[in-house]
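File shown here: model-v9.cif, holding mmCIF, C-alpha atoms.
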```
data_data
#
loop_
_atom_site.label_atom_id
_atom_site.label_comp_id
_atom_site.auth_asym_id
_atom_site.auth_seq_id
_atom_site.Cartn_x
_atom_site.Cartn_y
_atom_site.Cartn_z
CA MET A 1 -0.13 -30.51 -31.47
CA HIS A 2 -3.63 -29.24 -30.67
CA PHE A 3 -4.53 -28.07 -27.17
CA ASP A 4 -8.21 -27.68 -26.27
CA PHE A 5 -7.86 -24.59 -24.07
CA ALA A 6 -11.54 -24.71 -23.04
CA ALA A 7 -11.16 -28.30 -21.82
CA ILE A 8 -7.99 -27.37 -19.91
CA LEU A 9 -9.79 -24.47 -18.20
CA VAL A 10 -12.76 -26.67 -17.28
CA GLY A 11 -10.42 -29.32 -15.87
CA LEU A 12 -8.41 -26.82 -13.83
CA THR A 13 -11.56 -25.15 -12.52
CA PHE A 14 -12.97 -28.50 -11.42
CA LEU A 15 -9.70 -29.69 -9.87
CA THR A 16 -8.93 -26.54 -7.87
CA GLY A 17 -12.57 -26.19 -6.82
CA VAL A 18 -12.78 -29.78 -5.54
CA ILE A 19 -9.50 -29.50 -3.62
CA TRP A 20 -10.59 -26.26 -1.99
CA ALA A 21 -14.08 -27.60 -1.15
CA ILE A 22 -12.83 -30.88 0.34
CA ASP A 23 -10.33 -29.05 2.50
CA HIS A 24 -12.94 -26.51 3.62
CA TRP A 25 -15.52 -29.12 4.63
CA PHE A 26 -13.31 -31.86 6.06
CA PHE A 27 -9.85 -30.61 7.08
CA ALA A 28 -9.79 -26.84 7.76
CA LYS A 29 -11.74 -27.00 11.03
CA HIS A 30 -9.59 -29.86 12.29
CA ARG A 31 -6.39 -27.90 11.58
CA ALA A 32 -7.78 -24.93 13.50
CA THR A 33 -8.01 -27.01 16.70
CA GLU A 34 -4.39 -28.13 16.44
CA VAL A 35 -2.73 -24.69 16.61
CA PRO A 36 -2.21 -22.56 19.73
CA PRO A 37 -4.81 -19.85 20.40
CA GLY A 38 -4.17 -16.65 18.47
CA GLU A 39 -2.23 -18.35 15.66
CA MET A 40 -3.55 -18.95 12.16
CA PRO A 41 -3.53 -22.56 10.92
CA ARG A 42 -1.20 -23.08 7.94
CA GLU A 43 -2.82 -24.52 4.82
CA PRO A 44 -1.10 -27.22 2.76
CA ILE A 45 0.56 -25.66 -0.28
CA LEU A 46 -1.80 -27.49 -2.69
CA VAL A 47 -4.85 -26.12 -0.88
CA GLU A 48 -3.37 -22.62 -0.77
CA TYR A 49 -2.74 -22.60 -4.52
CA SER A 50 -6.17 -24.09 -5.26
CA ARG A 51 -7.93 -21.47 -3.15
CA SER A 52 -5.97 -18.68 -4.83
CA PHE A 53 -6.29 -19.83 -8.43
CA PHE A 54 -9.86 -21.22 -8.44
CA PRO A 55 -11.69 -17.86 -8.69
CA VAL A 56 -9.21 -16.54 -11.29
CA ILE A 57 -9.54 -19.61 -13.52
CA LEU A 58 -13.31 -19.62 -13.09
CA ILE A 59 -13.59 -15.97 -14.17
CA VAL A 60 -11.39 -16.62 -17.22
CA LEU A 61 -13.48 -19.68 -18.12
CA LEU A 62 -16.80 -17.83 -17.84
CA PHE A 63 -15.54 -14.78 -19.75
CA ARG A 64 -14.00 -16.85 -22.54
CA SER A 65 -16.92 -19.27 -22.83
CA PHE A 66 -19.87 -16.89 -22.68
CA LEU A 67 -18.68 -13.33 -23.37
CA ALA A 68 -15.62 -12.88 -25.58
CA GLU A 69 -12.63 -14.87 -26.79
CA PRO A 70 -9.39 -13.56 -28.33
CA PHE A 71 -8.11 -14.82 -31.68
CA ARG A 72 -5.06 -14.02 -33.82
CA ILE A 73 -5.35 -13.54 -37.58
CA PRO A 74 -2.85 -15.97 -39.17
CA SER A 75 -3.38 -15.29 -42.90
CA GLY A 76 -4.32 -12.57 -45.37
CA SER A 77 -7.59 -14.08 -46.56
CA MET A 78 -9.62 -11.30 -44.89
CA MET A 79 -7.53 -8.37 -46.16
CA PRO A 80 -8.06 -5.46 -46.12
CA THR A 81 -10.53 -5.81 -43.22
CA LEU A 82 -8.13 -7.90 -41.15
CA LEU A 83 -4.35 -8.15 -41.55
CA VAL A 84 -1.85 -10.80 -40.53
CA GLY A 85 -0.90 -10.04 -36.92
CA ASP A 86 -4.24 -8.52 -35.92
CA PHE A 87 -5.61 -9.79 -32.61
CA ILE A 88 -9.38 -9.69 -32.41
CA LEU A 89 -12.16 -10.29 -29.90
CA VAL A 90 -15.08 -12.53 -30.79
CA ASN A 91 -18.55 -12.10 -29.30
CA LYS A 92 -19.37 -15.59 -27.97
CA PHE A 93 -23.06 -14.99 -27.28
CA ALA A 94 -24.06 -13.28 -30.55
CA TYR A 95 -25.39 -16.54 -32.01
CA GLY A 96 -26.48 -18.26 -28.80
CA ILE A 97 -25.00 -19.49 -25.52
CA ARG A 98 -23.07 -22.78 -25.81
CA LEU A 99 -21.62 -25.00 -23.12
CA PRO A 100 -17.80 -25.00 -23.10
CA VAL A 101 -16.10 -28.12 -24.50
CA LEU A 102 -19.44 -29.75 -25.45
CA ASP A 103 -20.33 -26.79 -27.73
CA LYS A 104 -24.01 -27.56 -27.18
CA LYS A 105 -26.29 -24.54 -27.58
CA ILE A 106 -28.45 -24.02 -24.51
CA ILE A 107 -29.90 -20.55 -25.20
CA GLU A 108 -30.99 -19.16 -28.59
CA ILE A 109 -30.09 -15.49 -29.02
CA GLY A 110 -29.50 -14.66 -32.67
CA GLU A 111 -28.20 -15.93 -35.98
CA PRO A 112 -25.55 -14.73 -38.45
CA GLN A 113 -26.58 -12.03 -40.91
CA ARG A 114 -25.14 -11.40 -44.36
CA GLY A 115 -21.98 -9.38 -43.95
CA ASP A 116 -21.10 -10.64 -40.46
CA VAL A 117 -17.45 -11.56 -39.93
CA VAL A 118 -17.59 -14.90 -38.13
CA VAL A 119 -15.15 -17.29 -36.47
CA PHE A 120 -15.99 -20.97 -36.87
CA ARG A 121 -14.47 -24.41 -36.52
CA PHE A 122 -13.20 -25.51 -39.92
CA PRO A 123 -15.60 -28.22 -41.21
CA LYS A 124 -12.72 -30.35 -42.55
CA ASP A 125 -10.74 -30.13 -39.30
CA PRO A 126 -12.72 -28.84 -36.26
CA THR A 127 -9.49 -28.35 -34.29
CA GLN A 128 -8.76 -25.31 -36.49
CA ASP A 129 -10.55 -21.96 -36.23
CA TYR A 130 -11.27 -20.02 -39.44
CA ILE A 131 -12.57 -16.49 -39.96
CA LYS A 132 -14.59 -15.38 -43.01
CA ARG A 133 -17.54 -13.18 -43.95
CA VAL A 134 -21.08 -14.55 -44.21
CA ILE A 135 -22.36 -14.25 -47.77
CA GLY A 136 -25.27 -16.70 -47.89
CA LYS A 137 -27.74 -17.75 -45.18
CA PRO A 138 -29.78 -20.98 -45.16
CA GLY A 139 -32.03 -21.08 -48.23
CA ASP A 140 -30.22 -18.30 -50.12
CA ASP A 141 -29.39 -18.57 -53.81
CA VAL A 142 -25.82 -17.30 -54.26
CA THR A 143 -24.22 -16.47 -57.61
CA TYR A 144 -20.63 -15.35 -58.20
CA ARG A 145 -20.02 -14.07 -61.72
CA ASN A 146 -17.27 -11.81 -63.06
CA LYS A 147 -16.10 -11.17 -59.48
CA LYS A 148 -19.53 -9.90 -58.43
CA LEU A 149 -21.97 -11.40 -55.97
CA TYR A 150 -25.70 -11.92 -56.46
CA VAL A 151 -27.87 -13.06 -53.56
CA ASN A 152 -31.40 -14.25 -54.34
CA GLY A 153 -31.11 -12.61 -57.76
CA THR A 154 -30.02 -9.20 -56.44
CA GLU A 155 -26.58 -7.87 -57.27
CA MET A 156 -24.51 -6.80 -54.26
CA ALA A 157 -23.34 -3.32 -55.30
CA GLN A 158 -19.61 -2.63 -55.64
CA GLU A 159 -17.90 0.76 -55.80
CA ALA A 160 -14.34 0.88 -57.15
CA THR A 161 -11.94 2.73 -54.83
CA GLY A 162 -8.74 2.38 -56.88
CA ALA A 163 -5.55 0.34 -56.59
CA TYR A 164 -5.01 -1.41 -53.27
CA SER A 165 -2.07 -0.21 -51.20
CA GLY A 166 -0.65 -1.32 -47.88
CA THR A 167 2.52 -1.51 -45.82
CA ASP A 168 2.88 -5.16 -44.81
CA THR A 169 4.55 -7.87 -46.93
CA GLU A 170 1.38 -9.44 -48.27
CA SER A 171 -0.08 -6.03 -49.14
CA ARG A 172 3.00 -5.20 -51.18
CA GLU A 173 2.69 -8.52 -53.04
CA LEU A 174 -0.92 -7.70 -53.89
CA MET A 175 0.07 -4.22 -55.06
CA HIS A 176 2.65 -5.71 -57.43
CA GLY A 177 -0.09 -7.98 -58.79
CA GLY A 178 -2.29 -5.00 -59.61
CA ALA A 179 -4.81 -5.59 -56.80
CA GLU A 180 -7.90 -3.41 -56.89
CA SER A 181 -10.05 -2.30 -53.96
CA PHE A 182 -13.84 -2.04 -53.87
CA LEU A 183 -16.55 -1.13 -51.39
CA GLU A 184 -19.15 -3.88 -51.40
CA GLN A 185 -22.67 -3.63 -49.98
CA LEU A 186 -24.03 -6.79 -48.32
CA ASP A 187 -27.50 -5.87 -47.08
CA THR A 188 -26.72 -3.17 -44.47
CA VAL A 189 -22.99 -3.94 -44.25
CA ARG A 190 -20.61 -1.85 -46.36
CA HIS A 191 -17.09 -3.25 -46.38
CA GLN A 192 -13.90 -3.38 -48.43
CA ILE A 193 -12.81 -6.23 -50.67
CA ILE A 194 -9.75 -6.85 -52.85
CA THR A 195 -9.61 -8.51 -56.27
CA VAL A 196 -6.63 -9.29 -58.49
CA PRO A 197 -6.99 -8.98 -62.28
CA GLY A 198 -6.84 -12.40 -63.90
CA GLY A 199 -7.02 -14.25 -60.59
CA GLN A 200 -9.99 -16.08 -59.09
CA VAL A 201 -10.59 -18.90 -56.61
CA GLY A 202 -12.51 -21.50 -58.59
CA PRO A 203 -14.98 -20.94 -61.45
CA ASP A 204 -18.11 -18.78 -61.42
CA PHE A 205 -21.04 -20.55 -59.77
CA THR A 206 -24.68 -20.52 -58.72
CA LEU A 207 -25.77 -22.54 -55.68
CA LYS A 208 -28.39 -22.81 -52.94
CA VAL A 209 -27.30 -22.74 -49.30
CA PRO A 210 -28.76 -25.79 -47.49
CA ALA A 211 -30.72 -25.55 -44.26
CA GLY A 212 -28.58 -25.19 -41.14
CA HIS A 213 -25.52 -24.03 -43.12
CA TYR A 214 -23.79 -20.80 -44.22
CA PHE A 215 -21.78 -19.80 -47.28
CA VAL A 216 -18.71 -17.75 -46.38
CA MET A 217 -15.97 -15.95 -48.33
CA GLY A 218 -12.83 -13.97 -47.54
CA ASP A 219 -12.61 -10.25 -48.37
CA ASN A 220 -9.35 -10.97 -50.21
CA ARG A 221 -11.50 -12.58 -52.87
CA ASP A 222 -8.82 -14.08 -55.10
CA ARG A 223 -6.61 -15.33 -52.26
CA SER A 224 -9.01 -17.01 -49.87
CA SER A 225 -9.71 -20.66 -49.22
CA ASP A 226 -13.40 -20.52 -48.31
CA SER A 227 -16.79 -22.05 -49.10
CA ARG A 228 -15.88 -21.98 -52.80
CA VAL A 229 -13.19 -24.56 -52.04
CA TRP A 230 -14.36 -26.69 -49.11
CA GLY A 231 -18.12 -26.13 -48.87
CA PHE A 232 -20.62 -24.77 -46.37
CA VAL A 233 -20.23 -24.03 -42.64
CA PRO A 234 -22.66 -25.97 -40.40
CA GLU A 235 -24.45 -23.85 -37.82
CA GLU A 236 -23.04 -25.95 -34.98
CA ASN A 237 -19.50 -25.00 -36.04
CA LEU A 238 -20.03 -21.29 -35.35
CA VAL A 239 -17.89 -19.84 -32.56
CA GLY A 240 -18.99 -16.21 -32.62
CA LYS A 241 -18.97 -12.81 -34.31
CA ALA A 242 -15.72 -10.85 -34.62
CA PHE A 243 -16.26 -7.28 -33.43
CA VAL A 244 -13.03 -5.43 -32.57
CA ILE A 245 -9.25 -5.38 -33.13
CA TRP A 246 -7.62 -5.09 -29.70
CA MET A 247 -4.00 -5.48 -30.84
CA SER A 248 -2.14 -5.36 -34.15
CA TRP A 249 1.41 -6.63 -34.22
CA ARG A 250 3.46 -6.21 -37.38
CA GLY A 251 6.11 -8.53 -35.96
CA LEU A 252 6.98 -10.28 -39.21
CA ASP A 253 7.74 -7.00 -40.95
CA ASN A 254 9.12 -4.42 -38.56
CA GLY A 255 8.31 -5.65 -35.07
CA ILE A 256 6.10 -2.75 -33.97
CA ILE A 257 2.55 -2.27 -32.77
CA ASP A 258 0.21 -0.64 -35.30
CA PHE A 259 -1.53 1.73 -32.89
CA GLY A 260 -3.76 3.04 -35.68
CA ARG A 261 -5.63 -0.27 -35.80
CA LEU A 262 -6.19 -0.69 -32.06
CA GLY A 263 -9.84 -0.46 -31.12
CA THR A 264 -11.01 -0.68 -34.74
CA LEU A 265 -14.52 -2.09 -35.00
CA ILE A 266 -14.81 -4.94 -37.51
CA LYS A 267 -17.36 -4.31 -40.25
#
```
File written out as structure tokens:
Amino acid sequence: MHFDFAAILVGLTFLTGVIWAIDHWFFAKHRATEVPPGEMPREPILVEYSRSFFPVILIVLLFRSFLAEPFRIPSGSMMPTLLVGDFILVNKFAYGIRLPVLDKKIIEIGEPQRGDVVVFRFPKDPTQDYIKRVIGKPGDDVTYRNKKLYVNGTEMAQEATGAYSGTDTESRELMHGGAESFLEQLDTVRHQIITVPGGQVGPDFTLKVPAGHYFVMGDNRDRSSDSRVWGFVPEENLVGKAFVIWMSWRGLDNGIIDFGRLGTLIK
């Protein structure tokens, strides 16, 4: 079952605000005249709760809608940059200010750059949020050949860093498969990727990114369902730019917090 948390927050903000406002303008003064001098009039429980919760819900709504929103990493498609159990914050205004629920952009601020790690609504099912790295911008020619990227005819440099190693379950599976780690340069962004000998998502390709869309891939190149499988990401599906890991919970493996990852900036 899908819950639209933004819609719930908007509804609660409206409901508590209306209850508080109606009571303030129409009933509070009348109650004050009905109690003996020196005593405080007692508010109805619904009004008391509305007055208490309205500012809290409003602050959460504004923060989540316009500043930052938390997300949990559910899969290993972005390894080694992001691991299963990482909790991240997403900058909601990096690519423009949008109205909550309606997702209509009202202020232009910026646009995704190659190498950005972005959260977006999955084009095939907008109720799901995906996270991948931007490879191609509108109008780019993108080629993937022999596990190497070429953007507008320029090869994105890769530097081998040896066999991939890790401590979680999925990392160990990759190690057993002979996974190799590389440092890849996407414009000004230098980041790690993983490839598995003999494995690849789909065939090699050359394509042009259409206007208003982005081509995205996971850093776990041979174990990522991304634009190679389901196509481009429309600009209106963008949620924001991932920028920091605020919690990392290895609950499925040993049930502890990975303090070494807390506060890690996402590159």
At a cut-off of 10 Å, can you tabulate as a tab-separated table every residue of stretch 122-206 of chain A near stretch 232-250 of chain A together with its closest atom pair and the distance in Å to one decimal, using all atoms listed in the file and ordering rows by chain then number?
```
residue	atom	partner	partner_atom	distance
A:Phe122	CA	A:Asn237	CA	7.4
A:Pro123	CA	A:Val233	CA	6.4
A:Lys124	CA	A:Val233	CA	9.8
A:Pro126	CA	A:Asn237	CA	7.8
A:Asp129	CA	A:Val239	CA	8.5
A:Tyr130	CA	A:Val239	CA	9.5
A:Ile131	CA	A:Ala242	CA	8.4
A:Lys132	CA	A:Ala242	CA	9.6
A:Arg133	CA	A:Lys241	CA	9.8
A:Val134	CA	A:Val233	CA	9.6
A:Gly136	CA	A:Phe232	CA	9.4
A:Pro138	CA	A:Glu235	CA	9.5
A:Thr167	CA	A:Arg250	CA	9.7
A:Asp168	CA	A:Arg250	CA	7.5
A:Thr169	CA	A:Arg250	CA	9.8
```
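Proximity to stretch 62-76 of chain A at 8 Å, evaluated using all atoms listed in the file and with sequence-adjacent residues fewer than 5 positions away removed, yields Ala6, Leu82, Leu83, Val84, Gly85, Asp86, Phe87, Ile88, Leu89, Val90, Asn91, Lys92, Phe93, Ile97, Arg98, Leu99, Pro100, Glu170, Asn220, Arg223 and Ser224 of chain A.
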Contact check, stretch 58-155 of chain A to stretch 198-218 of chain A, at most 12 Å, counting only C-alpha atoms, closest pairs as CSV:
```
residue,atom,partner,partner_atom,distance
A:Ser75,CA,A:Gly218,CA,10.6
A:Gly76,CA,A:Gly218,CA,8.9
A:Ser77,CA,A:Gly218,CA,5.3
A:Met78,CA,A:Gly218,CA,4.9
A:Met79,CA,A:Gly218,CA,7.8
A:Pro80,CA,A:Gly218,CA,9.9
A:Thr81,CA,A:Gly218,CA,9.5
A:Leu82,CA,A:Gly218,CA,10.0
A:Leu83,CA,A:Gly218,CA,11.9
A:Glu111,CA,A:Tyr214,CA,10.5
A:Pro112,CA,A:Tyr214,CA,8.6
A:Gln113,CA,A:Tyr214,CA,9.8
A:Arg114,CA,A:Val216,CA,9.3
A:Gly115,CA,A:Val216,CA,9.3
A:Asp116,CA,A:Val216,CA,9.6
A:Val117,CA,A:Val216,CA,9.0
A:Val118,CA,A:Val216,CA,8.8
A:Val119,CA,A:Val216,CA,10.5
A:Phe120,CA,A:Val216,CA,10.4
A:Phe122,CA,A:Val216,CA,11.5
A:Pro123,CA,A:His213,CA,10.9
A:Tyr130,CA,A:Gly218,CA,10.2
A:Ile131,CA,A:Gly218,CA,8.0
A:Lys132,CA,A:Gly218,CA,5.1
A:Arg133,CA,A:Val216,CA,5.3
A:Val134,CA,A:Val216,CA,4.5
A:Ile135,CA,A:Val216,CA,5.2
A:Gly136,CA,A:Phe215,CA,4.7
A:Lys137,CA,A:Tyr214,CA,5.1
A:Pro138,CA,A:Ala211,CA,4.8
A:Gly139,CA,A:Val209,CA,5.1
A:Asp140,CA,A:Val209,CA,5.4
A:Asp141,CA,A:Lys208,CA,4.4
A:Val142,CA,A:Leu207,CA,5.4
A:Thr143,CA,A:Thr206,CA,4.2
A:Tyr144,CA,A:Asp204,CA,5.3
A:Arg145,CA,A:Asp204,CA,5.1
A:Asn146,CA,A:Asp204,CA,7.2
A:Lys147,CA,A:Gln200,CA,7.8
A:Lys148,CA,A:Asp204,CA,9.5
A:Leu149,CA,A:Thr206,CA,9.9
A:Tyr150,CA,A:Thr206,CA,9.0
A:Val151,CA,A:Thr206,CA,9.6
A:Asn152,CA,A:Lys208,CA,9.2
A:Gly153,CA,A:Thr206,CA,10.2
```
List as a compact mmCIF listing (two decimals) with C-alpha atoms, in the frame of the given file the protein and nucleic acid residues near stretch 18-29 of chain A, meaning an atom at most 6 Å away when all atoms listed in the file are counted, but skip any in the same chain fewer than 5 places from it.
```txt
# COMPACT_ATOMS: atom_id res chain seq x y z
CA VAL A 47 -4.85 -26.12 -0.88
CA SER A 50 -6.17 -24.09 -5.26
CA ARG A 51 -7.93 -21.47 -3.15
```
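In this structure, atom CA of A:Ile107 sits 29.0 Å away from atom CA of A:Gly263.
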What would the selection look like, as a ChimeraX atom specification, if the PyMOL selection byres ((chain A and resi 164) around 7) were run on the coordinates I just shared? /A:162-163,165-166,175,179-181
Just write the chosen residues, C-alpha atoms, as an mmCIF file, keeping the file's coordinate frame.
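Result went into out.cif, see below:
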```
data_model
loop_
_atom_site.group_PDB
_atom_site.id
_atom_site.type_symbol
_atom_site.label_atom_id
_atom_site.label_comp_id
_atom_site.auth_asym_id
_atom_site.auth_seq_id
_atom_site.Cartn_x
_atom_site.Cartn_y
_atom_site.Cartn_z
ATOM 1 C CA GLY A 162 -8.740 2.380 -56.880
ATOM 2 C CA ALA A 163 -5.550 0.340 -56.590
ATOM 3 C CA SER A 165 -2.070 -0.210 -51.200
ATOM 4 C CA GLY A 166 -0.650 -1.320 -47.880
ATOM 5 C CA MET A 175 0.070 -4.220 -55.060
ATOM 6 C CA ALA A 179 -4.810 -5.590 -56.800
ATOM 7 C CA GLU A 180 -7.900 -3.410 -56.890
ATOM 8 C CA SER A 181 -10.050 -2.300 -53.960
#
```
Atom-to-atom span, atom CA of A:Asp219 and atom CA of A:Asp4, Å: 28.5 Å
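Take atom CA of A:Arg221 and atom CA of A:Tyr95: the distance between them is 25.4 Å.
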